[in-house]
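These notes concern the structure reproduced below.
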Amino acid sequence: MLDLAGELHRWMEEGRAFAVATVVAVGGSAPRGPGAALAVDSEGTVIGSVSGGCVEGAVYDLCVQALQEGETLVERFGYSDEDAFAVGLTCGGIIDIMVTPVGTDAPQRPVLRSALSAAARAEPAALARVVRGPADLLGTALLVRPSEAVGEPSRPSRAEAGAGSYEGGLGGHAELDRTAAGEARALLDAGRTGTVELSADGSHCPGGLTLLVESSVPPPRMIVFGAIDFAAALVRVGKFLGYHVTVCDARPVFATTTRFPEADDVVVDWPHRYLRGTATDARTVLCVLTHDAKFDVPLLEAALRMPAAFVGALGSRRTHADRERRLREAGLTDGELARLRSPIGLDLGARTPEETALSIAAEIIATRRGGTGTPLTGSGRPIHHEEEKHGAGTSSGPWTRSTAPMRTSVPSFR
């Protein structure tokens, strides 16, 4: 739901009634993961996607039904070898979708409004909803914010939960609310969306309830060092991938907003000094394009000892060998040097700045998702690498691939 925050928040402000279909569990190969959403308002306007087109028509009908009946629905969609053109996932996966009506007087509307408002403003928040459990709890929601984001403590819908606060609730069960808030906050701290198994009494024993926790966090950072033409192309790709992109260079004549109009920030400073004074985390991408030892070595000496998801440096193999020698002389260990992706980018035969930016982006994605960078044709490996790491399921537990019904109700979710 939160991936549609901007548009849904506008619908909220306009007083529209709508229904939201959210992917709550995935088995096998599916186009989109938990948290993907499609919404339909009372006029039939549709936004979003839950499957990249495979089952959108059927999900649209479910949203209309949920709006008319005012009840939360959960449906399973899969694949049938008997009729590949029927309503189903032709990729062979299974997805469970929860459809929640959000009428103008819906009990969950206030907490959903708060969640959408926070996500639309790129504020950190986590929305936890019951997606499996007793009928009276299905679809109930709880919003968690970090402790530093706690707002007006006097609001009656807000309760203290450990180091932070939560808004809304899961059916009036105080202990369940506290436990759910703690679990949601842990996922929020990690910037993850996932499922959590709890019991209805709020203990951590799995089996009674499943919560889908959607985390809204600020976009990850991409910091590009070196205000060159390759950097301009990489900025465009980084923005396309959803990064907050900063360009840094010590030369004011090159580091200008005119040359990098799509960058979020353009900084004139020595790269290593700027990096040591700015915030990075486990999602940050650092791309060093200066390929000049006086910039590269002090910059990489700092970068390889800081939190970051990816550290890459442009240059020839000869440049890399010299750079590595200098970094060893500066005291970097083998483990620290192993983090360096250099020469940066996948072997695509890239020549132009745009092609080079694409090869760099491809390596960033492969590193993030566990990809190999080899062609999918003839590889025989799963397209979605999470399947190899976690079997065919999500954090809620293993799944079994089914080739039976394409669309079935899931009694245990009702």
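Ordered as shown in the structure tokens, chains take letters A, B, and onward, while each chain numbers its residues from 1 and ligands are numbered from 1 in the order shown.
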
(message) With only C-alpha atoms as the counted atoms, please give the residues lying no more than 6 Å from Thr210 of chain A, apart from itself and same-chain residues fewer than 2 positions off, as a list in words.
(response) Val130, Val131, Arg132, Val196 and Glu197 of chain A

Written selection (N, CA and C atoms) as a PDB file, in the first residue's frame:
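The resulting file, out_4.pdb, is shown below:
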```pdb
ATOM      1  N   VAL A 130      -2.927  -7.087   9.931  1.00  0.00           N
ATOM      2  CA  VAL A 130      -3.198  -8.517  10.077  1.00  0.00           C
ATOM      3  C   VAL A 130      -3.679  -9.051   8.732  1.00  0.00           C
ATOM      4  N   VAL A 131      -2.926 -10.002   8.169  1.00  0.00           N
ATOM      5  CA  VAL A 131      -3.297 -10.585   6.883  1.00  0.00           C
ATOM      6  C   VAL A 131      -3.713 -12.052   7.006  1.00  0.00           C
ATOM      7  N   ARG A 132      -3.510 -12.640   8.166  1.00  0.00           N
ATOM      8  CA  ARG A 132      -4.034 -13.977   8.451  1.00  0.00           C
ATOM      9  C   ARG A 132      -4.390 -14.039   9.923  1.00  0.00           C
ATOM     10  N   VAL A 196       5.452 -11.218   9.744  1.00  0.00           N
ATOM     11  CA  VAL A 196       5.798 -11.627  11.102  1.00  0.00           C
ATOM     12  C   VAL A 196       4.705 -12.559  11.610  1.00  0.00           C
ATOM     13  N   GLU A 197       5.094 -13.658  12.238  1.00  0.00           N
ATOM     14  CA  GLU A 197       4.145 -14.603  12.829  1.00  0.00           C
ATOM     15  C   GLU A 197       4.058 -14.353  14.333  1.00  0.00           C
TER      16      GLU A 197
END
```

Given only C-alpha atoms, how would the per-residue table for segment 258-326 of chain A near segment 358-380 of chain A read, listing every residue at most 8 Å away with its closest atom pair and distance in Å to one decimal, sorted by chain and number, as a tab-separated table?
```
residue	atom	partner	partner_atom	distance
A:Val285	CA	A:Ile364	CA	7.9
A:Ala309	CA	A:Arg368	CA	7.4
A:Phe310	CA	A:Ile364	CA	6.8
```

(request) Determine, counting only C-alpha atoms, which protein, DNA and RNA residues have an atom within 10 Å of an atom of segment 340-356 of chain A; residues of the same chain fewer than 3 positions away are not included. Present the result as a count of residues only. (result) 43

(request) Run DSSP on the backbone and give me the residues of segment 183-409 of chain A it puts in helix (DSSP H, G or I), as a PyMOL selection string. (result) chain A and resi 183-190+229-240+271-277+293-303+317-329+334-337+353-369+386-390

(request) Quick one: everything within 10 Å of Ala180 of chain A, counting only C-alpha atoms, minus sequence neighbours fewer than 2 positions away in the same chain. Send it as a PyMOL selection string. (result) chain A and resi 128-130+142-144+161+166+169-170+174-178+182-186+196-198+202-204+211+213

(request) as JSON, numbers by chain, list the residues of segment 118-311 of chain A assigned to strand (DSSP E or B) by DSSP on the backbone atoms of this structure. (result) {"A": [125, 126, 127, 128, 129, 130, 131, 132, 141, 142, 143, 144, 145, 158, 159, 160, 161, 164, 165, 166, 167, 168, 169, 194, 195, 196, 197, 198, 209, 210, 211, 212, 213, 214, 215, 216, 221, 222, 223, 224, 225, 244, 245, 246, 247, 248, 249, 265, 266, 267, 268, 285, 286, 287, 288, 310, 311]}

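Near Glu14 of chain A, within a cut-off of 12 Å and counting only C-alpha atoms, sit the residues Glu7, Leu8, His9, Arg10, Phe18, Asp41, Thr104 and Arg113 of chain A, with same-chain residues fewer than 4 positions away left out.
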
(request) Tell me, as JSON, numbers by chain, which residues lie within 12 Å of Gly139 of chain A, counting only C-alpha atoms; anything in the same chain fewer than 2 positions away does not count. (result) {"A": [19, 20, 21, 22, 24, 70, 71, 72, 73, 74, 97, 98, 99, 100, 101, 102, 106, 107, 108, 109, 111, 112, 127, 128, 129, 130, 131, 132, 133, 134, 135, 136, 137, 141, 142, 168, 169, 170, 171, 209, 210, 211, 212, 213, 413, 414]}

Grab the residues selected above and save them as a PDB file, in the first residue's frame with C-alpha atoms.
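New file again-v7.pdb:
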```
ATOM      1  CA  ALA A  19     -10.188  -0.400  -1.960  1.00  0.00           C
ATOM      2  CA  VAL A  20      -6.552  -1.459  -1.855  1.00  0.00           C
ATOM      3  CA  ALA A  21      -5.290  -4.859  -2.962  1.00  0.00           C
ATOM      4  CA  THR A  22      -1.911  -5.714  -1.438  1.00  0.00           C
ATOM      5  CA  VAL A  24       0.765 -10.297   1.308  1.00  0.00           C
ATOM      6  CA  GLY A  70     -17.416  -3.409   2.872  1.00  0.00           C
ATOM      7  CA  GLU A  71     -15.506  -6.548   3.819  1.00  0.00           C
ATOM      8  CA  THR A  72     -11.809  -7.434   3.637  1.00  0.00           C
ATOM      9  CA  LEU A  73     -11.074 -10.261   1.215  1.00  0.00           C
ATOM     10  CA  VAL A  74      -8.059 -12.514   0.740  1.00  0.00           C
ATOM     11  CA  ILE A  97      -3.643 -10.778  -2.063  1.00  0.00           C
ATOM     12  CA  MET A  98      -5.577  -8.976   0.650  1.00  0.00           C
ATOM     13  CA  VAL A  99      -8.200  -6.491  -0.517  1.00  0.00           C
ATOM     14  CA  THR A 100      -9.121  -3.855   2.058  1.00  0.00           C
ATOM     15  CA  PRO A 101     -12.068  -1.475   1.556  1.00  0.00           C
ATOM     16  CA  VAL A 102     -11.336   2.044   2.799  1.00  0.00           C
ATOM     17  CA  ALA A 106     -13.963   2.879   7.663  1.00  0.00           C
ATOM     18  CA  PRO A 107     -12.524   2.215  11.170  1.00  0.00           C
ATOM     19  CA  GLN A 108      -9.012   1.875   9.747  1.00  0.00           C
ATOM     20  CA  ARG A 109      -9.167   5.073   7.699  1.00  0.00           C
ATOM     21  CA  VAL A 111      -4.429   5.116  10.794  1.00  0.00           C
ATOM     22  CA  LEU A 112      -4.141   4.433   7.067  1.00  0.00           C
ATOM     23  CA  LEU A 127       2.408  -0.048   8.724  1.00  0.00           C
ATOM     24  CA  ALA A 128       1.529  -3.428  10.250  1.00  0.00           C
ATOM     25  CA  ARG A 129      -1.693  -5.138   9.168  1.00  0.00           C
ATOM     26  CA  VAL A 130      -3.198  -8.517  10.077  1.00  0.00           C
ATOM     27  CA  VAL A 131      -3.297 -10.585   6.883  1.00  0.00           C
ATOM     28  CA  ARG A 132      -4.034 -13.977   8.451  1.00  0.00           C
ATOM     29  CA  GLY A 133      -6.014 -14.639  11.602  1.00  0.00           C
ATOM     30  CA  PRO A 134      -9.516 -14.329  13.107  1.00  0.00           C
ATOM     31  CA  ALA A 135     -12.068 -12.546  10.951  1.00  0.00           C
ATOM     32  CA  ASP A 136     -12.453  -9.700  13.446  1.00  0.00           C
ATOM     33  CA  LEU A 137      -8.727  -8.888  13.212  1.00  0.00           C
ATOM     34  CA  ALA A 141      -3.730  -1.830  11.206  1.00  0.00           C
ATOM     35  CA  LEU A 142      -1.091  -0.294  13.413  1.00  0.00           C
ATOM     36  CA  GLY A 168      -4.133   2.516  15.682  1.00  0.00           C
ATOM     37  CA  GLY A 169      -4.380  -1.044  16.946  1.00  0.00           C
ATOM     38  CA  LEU A 170      -5.103  -4.671  16.189  1.00  0.00           C
ATOM     39  CA  GLY A 171      -8.566  -5.143  17.624  1.00  0.00           C
ATOM     40  CA  LEU A 209      -1.610 -14.379  13.270  1.00  0.00           C
ATOM     41  CA  THR A 210       0.414 -13.171  10.329  1.00  0.00           C
ATOM     42  CA  LEU A 211       1.257  -9.496  10.070  1.00  0.00           C
ATOM     43  CA  LEU A 212       2.440  -7.794   6.906  1.00  0.00           C
ATOM     44  CA  VAL A 213       4.763  -4.946   7.861  1.00  0.00           C
ATOM     45  CA  PHE A 413      -6.973 -16.136   6.099  1.00  0.00           C
ATOM     46  CA  ARG A 414     -10.646 -15.379   6.747  1.00  0.00           C
TER      47      ARG A 414
END
```

(request) One decimal, Å: what's the distance from atom CA of Val224 of chain A over to atom CA of Leu275 of chain A, could you say? (result)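 Separating atom CA of Val224 of chain A from atom CA of Leu275 of chain A is a distance of 10.7 Å.
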
(request) Name all residues at most 7 Å from segment 266-269 of chain A (count only C-alpha atoms; drop same-chain ones fewer than 4 positions away) and give them as a VMD selection string. (result) chain A and resid 246 to 252 255 to 257 274

(request) Report the distance between atom CA of Ala122 of chain A and atom CA of Val26 of chain A in Å, rounded to one decimal place. (result)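 Those two atoms sit 26.2 Å apart.
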
(request) Please measure the separation of atom CA of Arg76 of chain A and atom CA of Thr195 of chain A, giving the value in Å to one decimal. (result) 16.6 Å

(request) Determine the nearest neighbour of Gly15 of chain A from the options A:Leu2, A:Lys294, A:Glu123, A:Ser42, counting only C-alpha atoms. (result)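 The answer is A:Ser42, which sits nearest to Gly15 of chain A.
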